[in-house]
file protein28.pdb (PDB, C-alpha atoms)
ATOM      1  CA  MET A   1      -2.130 -20.750  47.368
ATOM      2  CA  SER A   2      -2.139 -23.706  49.752
ATOM      3  CA  ARG A   3       1.377 -23.121  51.138
ATOM      4  CA  GLN A   4       0.437 -19.466  51.626
ATOM      5  CA  ASP A   5      -2.739 -20.569  53.407
ATOM      6  CA  MET A   6      -0.714 -22.846  55.669
ATOM      7  CA  ASP A   7       1.714 -20.015  56.444
ATOM      8  CA  LEU A   8      -1.233 -17.733  57.221
ATOM      9  CA  LEU A   9      -2.723 -20.227  59.686
ATOM     10  CA  LEU A  10       0.701 -20.850  61.239
ATOM     11  CA  SER A  11       1.253 -17.137  61.788
ATOM     12  CA  ASP A  12      -2.260 -16.573  63.143
ATOM     13  CA  GLY A  13      -1.997 -19.593  65.433
ATOM     14  CA  ILE A  14       1.366 -18.508  66.845
ATOM     15  CA  ASN A  15       0.184 -14.930  67.399
ATOM     16  CA  THR A  16      -2.953 -16.113  69.186
ATOM     17  CA  ALA A  17      -1.004 -18.583  71.333
ATOM     18  CA  VAL A  18       1.478 -15.845  72.271
ATOM     19  CA  TYR A  19      -1.441 -13.618  73.298
ATOM     20  CA  PHE A  20      -2.828 -16.345  75.599
ATOM     21  CA  LEU A  21       0.603 -17.164  77.038
ATOM     22  CA  GLU A  22       1.338 -13.518  77.805
ATOM     23  CA  LYS A  23      -2.103 -13.006  79.309
ATOM     24  CA  SER A  24      -2.582 -16.268  81.229
ATOM     25  CA  GLY A  25       0.638 -18.274  81.016
ATOM     26  CA  GLU A  26      -1.204 -21.147  79.334
ATOM     27  CA  PHE A  27      -3.931 -22.017  76.848
ATOM     28  CA  TYR A  28      -6.136 -24.896  75.810
ATOM     29  CA  PRO A  29      -5.850 -26.268  72.281
ATOM     30  CA  PHE A  30      -7.769 -24.320  69.654
ATOM     31  CA  GLY A  31      -8.324 -24.542  65.927
ATOM     32  CA  VAL A  32      -7.683 -22.050  63.156
ATOM     33  CA  VAL A  33      -9.368 -22.597  59.788
ATOM     34  CA  LYS A  34      -9.517 -21.031  56.365
ATOM     35  CA  THR A  35     -13.012 -21.450  54.986
ATOM     36  CA  LYS A  36     -13.906 -22.019  51.339
ATOM     37  CA  LEU A  37     -14.959 -18.333  51.334
ATOM     38  CA  GLY A  38     -11.426 -17.292  52.329
ATOM     39  CA  GLU A  39     -12.260 -16.336  55.931
ATOM     40  CA  ILE A  40      -9.910 -17.135  58.816
ATOM     41  CA  ARG A  41     -11.770 -18.367  61.884
ATOM     42  CA  HIS A  42     -10.859 -19.669  65.314
ATOM     43  CA  ILE A  43     -12.538 -22.812  66.626
ATOM     44  CA  GLN A  44     -12.776 -23.667  70.319
ATOM     45  CA  VAL A  45     -14.337 -26.589  72.144
ATOM     46  CA  LEU A  46     -17.072 -25.959  74.684
ATOM     47  CA  ALA A  47     -16.302 -28.358  77.513
ATOM     48  CA  GLU A  48     -18.554 -29.187  80.435
ATOM     49  CA  ASP A  49     -15.529 -29.340  82.748
ATOM     50  CA  SER A  50     -13.983 -25.988  83.694
ATOM     51  CA  ARG A  51     -10.474 -27.579  83.501
ATOM     52  CA  PRO A  52     -10.711 -30.135  80.679
ATOM     53  CA  ILE A  53      -7.839 -32.406  79.696
ATOM     54  CA  SER A  54      -5.966 -30.948  76.704
ATOM     55  CA  SER A  55      -5.892 -34.272  74.840
ATOM     56  CA  SER A  56      -9.693 -34.531  74.986
ATOM     57  CA  VAL A  57      -9.984 -30.938  73.737
ATOM     58  CA  SER A  58      -7.671 -31.809  70.810
ATOM     59  CA  GLU A  59      -9.719 -34.907  69.956
ATOM     60  CA  SER A  60     -12.947 -32.869  69.969
ATOM     61  CA  LEU A  61     -11.295 -30.290  67.712
ATOM     62  CA  LYS A  62     -10.214 -33.028  65.282
ATOM     63  CA  ILE A  63     -13.777 -34.320  65.050
ATOM     64  CA  SER A  64     -15.096 -30.829  64.325
ATOM     65  CA  LEU A  65     -12.366 -30.090  61.773
ATOM     66  CA  ARG A  66     -12.940 -33.436  60.001
ATOM     67  CA  GLN A  67     -16.617 -32.559  59.661
ATOM     68  CA  GLY A  68     -15.769 -29.162  58.150
ATOM     69  CA  GLY A  69     -13.233 -30.782  55.831
ATOM     70  CA  SER A  70     -15.599 -33.509  54.635
ATOM     71  CA  THR A  71     -18.411 -31.038  53.897
ATOM     72  CA  GLY A  72     -16.047 -28.781  51.953
ATOM     73  CA  ASP A  73     -16.437 -25.864  54.362
ATOM     74  CA  TYR A  74     -12.694 -25.724  55.161
ATOM     75  CA  GLU A  75      -9.686 -25.588  52.841
ATOM     76  CA  THR A  76      -6.926 -25.441  55.469
ATOM     77  CA  VAL A  77      -7.083 -26.283  59.178
ATOM     78  CA  ALA A  78      -4.717 -26.108  62.140
ATOM     79  CA  ILE A  79      -4.715 -27.215  65.760
ATOM     80  CA  VAL A  80      -2.612 -25.099  68.102
ATOM     81  CA  SER A  81      -1.558 -26.619  71.438
ATOM     82  CA  ASN A  82       0.678 -25.876  74.402
ATOM     83  CA  VAL A  83       3.060 -28.847  74.733
ATOM     84  CA  GLU A  84       6.329 -29.971  76.270
ATOM     85  CA  ILE A  85       9.055 -31.190  73.917
ATOM     86  CA  ALA A  86      12.416 -32.849  74.495
ATOM     87  CA  ASP A  87      15.579 -32.008  72.586
ATOM     88  CA  ARG A  88      16.697 -35.170  70.746
ATOM     89  CA  GLU A  89      20.378 -34.506  71.390
ATOM     90  CA  THR A  90      20.363 -33.331  75.007
ATOM     91  CA  GLY A  91      17.077 -34.694  76.319
ATOM     92  CA  ASN A  92      16.341 -31.278  77.831
ATOM     93  CA  LYS A  93      12.650 -30.507  77.991
ATOM     94  CA  SER A  94      11.024 -27.192  77.140
ATOM     95  CA  ASP A  95       7.582 -25.751  76.636
ATOM     96  CA  ALA A  96       6.500 -25.196  73.047
ATOM     97  CA  ILE A  97       3.643 -24.060  70.892
ATOM     98  CA  SER A  98       2.605 -26.919  68.613
ATOM     99  CA  VAL A  99       0.844 -26.126  65.328
ATOM    100  CA  GLU A 100      -0.520 -29.060  63.303
ATOM    101  CA  ILE A 101      -1.572 -27.872  59.844
ATOM    102  CA  ASP A 102      -3.574 -29.801  57.254
ATOM    103  CA  ASP A 103      -4.527 -28.569  53.789
ATOM    104  CA  ILE A 104      -6.884 -29.933  51.178
ATOM    105  CA  ILE A 105      -4.112 -29.948  48.508
ATOM    106  CA  VAL A 106      -0.625 -30.184  50.052
ATOM    107  CA  ASP A 107       0.893 -32.517  52.649
ATOM    108  CA  PRO A 108       0.318 -31.776  56.340
ATOM    109  CA  VAL A 109       2.986 -30.089  58.473
ATOM    110  CA  LEU A 110       3.759 -30.155  62.183
ATOM    111  CA  CYS A 111       5.592 -27.170  63.698
ATOM    112  CA  TYR A 112       7.006 -26.560  67.157
ATOM    113  CA  ILE A 113       8.043 -23.185  68.505
ATOM    114  CA  PRO A 114       9.888 -23.577  71.821
ATOM    115  CA  TYR A 115       9.357 -20.804  74.340
ATOM    116  CA  LYS A 116      10.309 -19.740  77.816
ATOM    117  CA  ILE A 117       9.256 -16.971  80.113
ATOM    118  CA  GLU A 118      12.212 -14.939  81.379
ATOM    119  CA  ASP A 119      11.574 -12.196  83.925
ATOM    120  CA  GLY A 120       7.909 -12.176  82.931
ATOM    121  CA  VAL A 121       8.680 -11.831  79.211
ATOM    122  CA  LEU A 122       7.804 -14.530  76.678
ATOM    123  CA  VAL A 123      10.799 -15.495  74.525
ATOM    124  CA  LEU A 124      10.204 -17.626  71.419
ATOM    125  CA  GLY A 125      12.831 -20.019  70.078
ATOM    126  CA  ASP A 126      13.441 -21.136  66.509
ATOM    127  CA  ILE A 127      10.613 -22.909  64.738
ATOM    128  CA  LYS A 128      11.065 -26.595  64.016
ATOM    129  CA  ALA A 129       8.958 -28.118  61.231
ATOM    130  CA  GLY A 130       8.402 -31.607  59.918
ATOM    131  CA  VAL A 131       5.866 -33.922  58.343
ATOM    132  CA  GLY A 132       2.492 -33.818  60.038
ATOM    133  CA  ASN A 133      -0.591 -36.044  60.106
ATOM    134  CA  ARG A 134      -3.892 -35.561  58.344
ATOM    135  CA  ILE A 135      -6.506 -33.853  60.494
ATOM    136  CA  ALA A 136      -9.411 -33.040  58.192
ATOM    137  CA  PHE A 137      -8.600 -34.161  54.644
ATOM    138  CA  ALA A 138      -8.189 -37.827  53.717
ATOM    139  CA  GLN A 139      -5.852 -38.493  50.798
TER
END
call {"tool": "encode", "arguments": {"input": "protein28.pdb", "output": "structure tokens"}}
result
Amino acid sequence: MSRQDMDLLLSDGINTAVYFLEKSGEFYPFGVVKTKLGEIRHIQVLAEDSRPISSSVSESLKISLRQGGSTGDYETVAIVSNVEIADRETGNKSDAISVEIDDIIVDPVLCYIPYKIEDGVLVLGDIKAGVGNRIAFAQ
């Protein structure tokens, strides 16, 4: 079930990011988790600053997700971020949705979904996936 759980969090994270991008044109990093009870939940960081730095939001999310992973509350976790990536071949930069996924059983995955906004419409590119880093589960 772990690969299915990871796919579920990936899909949920992308859909939520698309919602924010279409509504506001941007979003701060957020977490998506599958609890030990099978519930899917979104996790956000409450920042004192009205315009926090995305990297500090991500670090706060990692701390929270590690706590939930170490107590056994979470089985699968993801951090979804709005990033800029560069094409390895051309060096061209583009905006992308980044989804870092960690699971209690299987290896972590990092996915990027490039996007652009053309004539006010969000257009997603092809997903790129690779090996990710542990977020909440030490192995």
call {"tool": "resolve_selection", "arguments": {"input": "protein28.pdb", "expression": "the PyMOL selection byres ((chain A and resi 138) around 10)", "output": "mmCIF file with C-alpha atoms, in the frame of the given file"}}
result
data_model
loop_
_atom_site.group_PDB
_atom_site.id
_atom_site.type_symbol
_atom_site.label_atom_id
_atom_site.label_comp_id
_atom_site.auth_asym_id
_atom_site.auth_seq_id
_atom_site.Cartn_x
_atom_site.Cartn_y
_atom_site.Cartn_z
ATOM 1 C CA ARG A 66 -12.940 -33.436 60.001
ATOM 2 C CA GLY A 69 -13.233 -30.782 55.831
ATOM 3 C CA SER A 70 -15.599 -33.509 54.635
ATOM 4 C CA ASP A 102 -3.574 -29.801 57.254
ATOM 5 C CA ASP A 103 -4.527 -28.569 53.789
ATOM 6 C CA ILE A 104 -6.884 -29.933 51.178
ATOM 7 C CA ARG A 134 -3.892 -35.561 58.344
ATOM 8 C CA ILE A 135 -6.506 -33.853 60.494
ATOM 9 C CA ALA A 136 -9.411 -33.040 58.192
ATOM 10 C CA PHE A 137 -8.600 -34.161 54.644
ATOM 11 C CA GLN A 139 -5.852 -38.493 50.798
#
call {"tool": "resolve_selection", "arguments": {"input": "protein28.pdb", "expression": "the PyMOL selection byres ((chain A and resi 61) around 12)", "output": "NGL selection string"}}
result
:A and (28-33 or 42-47 or 54-60 or 62-68 or 77-81 or 100 or 135-136)
call {"tool": "atom_distance", "arguments": {"input": "protein28.pdb", "atom1": "CA of Tyr74 (chain A)", "atom2": "CA of Asn15 (chain A)"}}
result
20.8 Å
call {"tool": "closest_residue", "arguments": {"input": "protein28.pdb", "among": "A:Ile101, A:Ala96, A:Val131, A:Ile113", "to": "Gln4 (chain A)", "atoms": "only C-alpha atoms"}}
result
A:Ile101
call {"tool": "axis_aligned_box", "arguments": {"input": "protein28.pdb", "around": "region 90-108 of chain A", "padding_each_side": "3 Å", "output": "lines of an AutoDock Vina configuration file"}}
result
center_x = 6.7
center_y = -29.4
center_z = 63.2
size_x = 33.2
size_y = 16.6
size_z = 35.5
call {"tool": "closest_residue", "arguments": {"input": "protein28.pdb", "among": "A:Ser24, A:Thr71, A:Thr35, A:Thr76", "to": "Asp107 (chain A)", "atoms": "all atoms listed in the file"}}
result
A:Thr76
call {"tool": "atom_distance", "arguments": {"input": "protein28.pdb", "atom1": "CA of Met6 (chain A)", "atom2": "CA of Ile127 (chain A)"}}
result
14.5 Å
call {"tool": "closest_residue", "arguments": {"input": "protein28.pdb", "among": "A:Ile14, A:Lys36, A:Tyr19, A:Gly132", "to": "Pro114 (chain A)", "atoms": "only C-alpha atoms"}}
result
A:Ile14
call {"tool": "closest_residue", "arguments": {"input": "protein28.pdb", "among": "A:Asp7, A:Asp73, A:Glu22, A:Glu39", "to": "Leu124 (chain A)", "atoms": "all atoms listed in the file"}}
result
A:Glu22
call {"tool": "atom_distance", "arguments": {"input": "protein28.pdb", "atom1": "CA of Gly13 (chain A)", "atom2": "CA of Val109 (chain A)"}}
result
13.5 Å
call {"tool": "residues_around", "arguments": {"input": "protein28.pdb", "residues": "region 84-88 of chain A", "least_positions_apart": "2", "cutoff": "10 Å", "atoms": "only C-alpha atoms", "output": "list in words"}}
result
Ser81, Asn82, Thr90, Gly91, Asn92, Lys93, Ser94, Asp95, Ala96, Ile97, Ser98, Tyr112, Ile113, Pro114 and Tyr115 of chain A
call {"tool": "closest_residue", "arguments": {"input": "protein28.pdb", "among": "A:Arg41, A:Phe27, A:Cys111, A:Gly120", "to": "Ile53 (chain A)", "atoms": "all atoms listed in the file"}}
result
A:Phe27
call {"tool": "closest_residue", "arguments": {"input": "protein28.pdb", "among": "A:Lys34, A:Gly130, A:Val106, A:Leu122", "to": "Leu8 (chain A)", "atoms": "only C-alpha atoms"}}
result
A:Lys34
call {"tool": "build_atoms", "arguments": {"input": "protein28.pdb", "residues": "region 75-86 of chain A", "atoms": "N, CA, C and O atoms", "output": "tab-separated table (two decimals), in the coordinates of the input"}}
result
chain	number	residue	atom	x	y	z
A	75	GLU	N	-10.75	-25.28	53.80
A	75	GLU	CA	-9.69	-25.59	52.84
A	75	GLU	C	-8.37	-25.89	53.54
A	75	GLU	O	-7.56	-26.67	53.06
A	76	THR	N	-8.13	-25.24	54.68
A	76	THR	CA	-6.93	-25.44	55.47
A	76	THR	C	-7.32	-25.36	56.94
A	76	THR	O	-8.14	-24.53	57.32
A	77	VAL	N	-6.76	-26.27	57.75
A	77	VAL	CA	-7.08	-26.28	59.18
A	77	VAL	C	-5.80	-26.42	59.99
A	77	VAL	O	-4.79	-26.94	59.50
A	78	ALA	N	-5.85	-25.96	61.23
A	78	ALA	CA	-4.72	-26.11	62.14
A	78	ALA	C	-5.23	-26.31	63.55
A	78	ALA	O	-6.28	-25.78	63.92
A	79	ILE	N	-4.48	-27.09	64.32
A	79	ILE	CA	-4.72	-27.22	65.76
A	79	ILE	C	-3.48	-26.68	66.46
A	79	ILE	O	-2.35	-27.10	66.17
A	80	VAL	N	-3.70	-25.74	67.37
A	80	VAL	CA	-2.61	-25.10	68.10
A	80	VAL	C	-2.71	-25.56	69.56
A	80	VAL	O	-3.76	-25.46	70.18
A	81	SER	N	-1.59	-26.07	70.08
A	81	SER	CA	-1.56	-26.62	71.44
A	81	SER	C	-0.33	-26.13	72.19
A	81	SER	O	0.68	-25.78	71.59
A	82	ASN	N	-0.44	-26.18	73.51
A	82	ASN	CA	0.68	-25.88	74.40
A	82	ASN	C	1.25	-27.22	74.85
A	82	ASN	O	0.55	-28.00	75.50
A	83	VAL	N	2.49	-27.53	74.48
A	83	VAL	CA	3.06	-28.85	74.73
A	83	VAL	C	4.44	-28.74	75.39
A	83	VAL	O	5.01	-27.65	75.48
A	84	GLU	N	4.95	-29.88	75.80
A	84	GLU	CA	6.33	-29.97	76.27
A	84	GLU	C	7.08	-30.86	75.29
A	84	GLU	O	6.59	-31.93	74.90
A	85	ILE	N	8.25	-30.41	74.85
A	85	ILE	CA	9.06	-31.19	73.92
A	85	ILE	C	10.42	-31.46	74.54
A	85	ILE	O	10.86	-30.75	75.44
A	86	ALA	N	11.07	-32.51	74.03
A	86	ALA	CA	12.42	-32.85	74.50
A	86	ALA	C	13.39	-32.72	73.33
A	86	ALA	O	13.09	-33.17	72.22
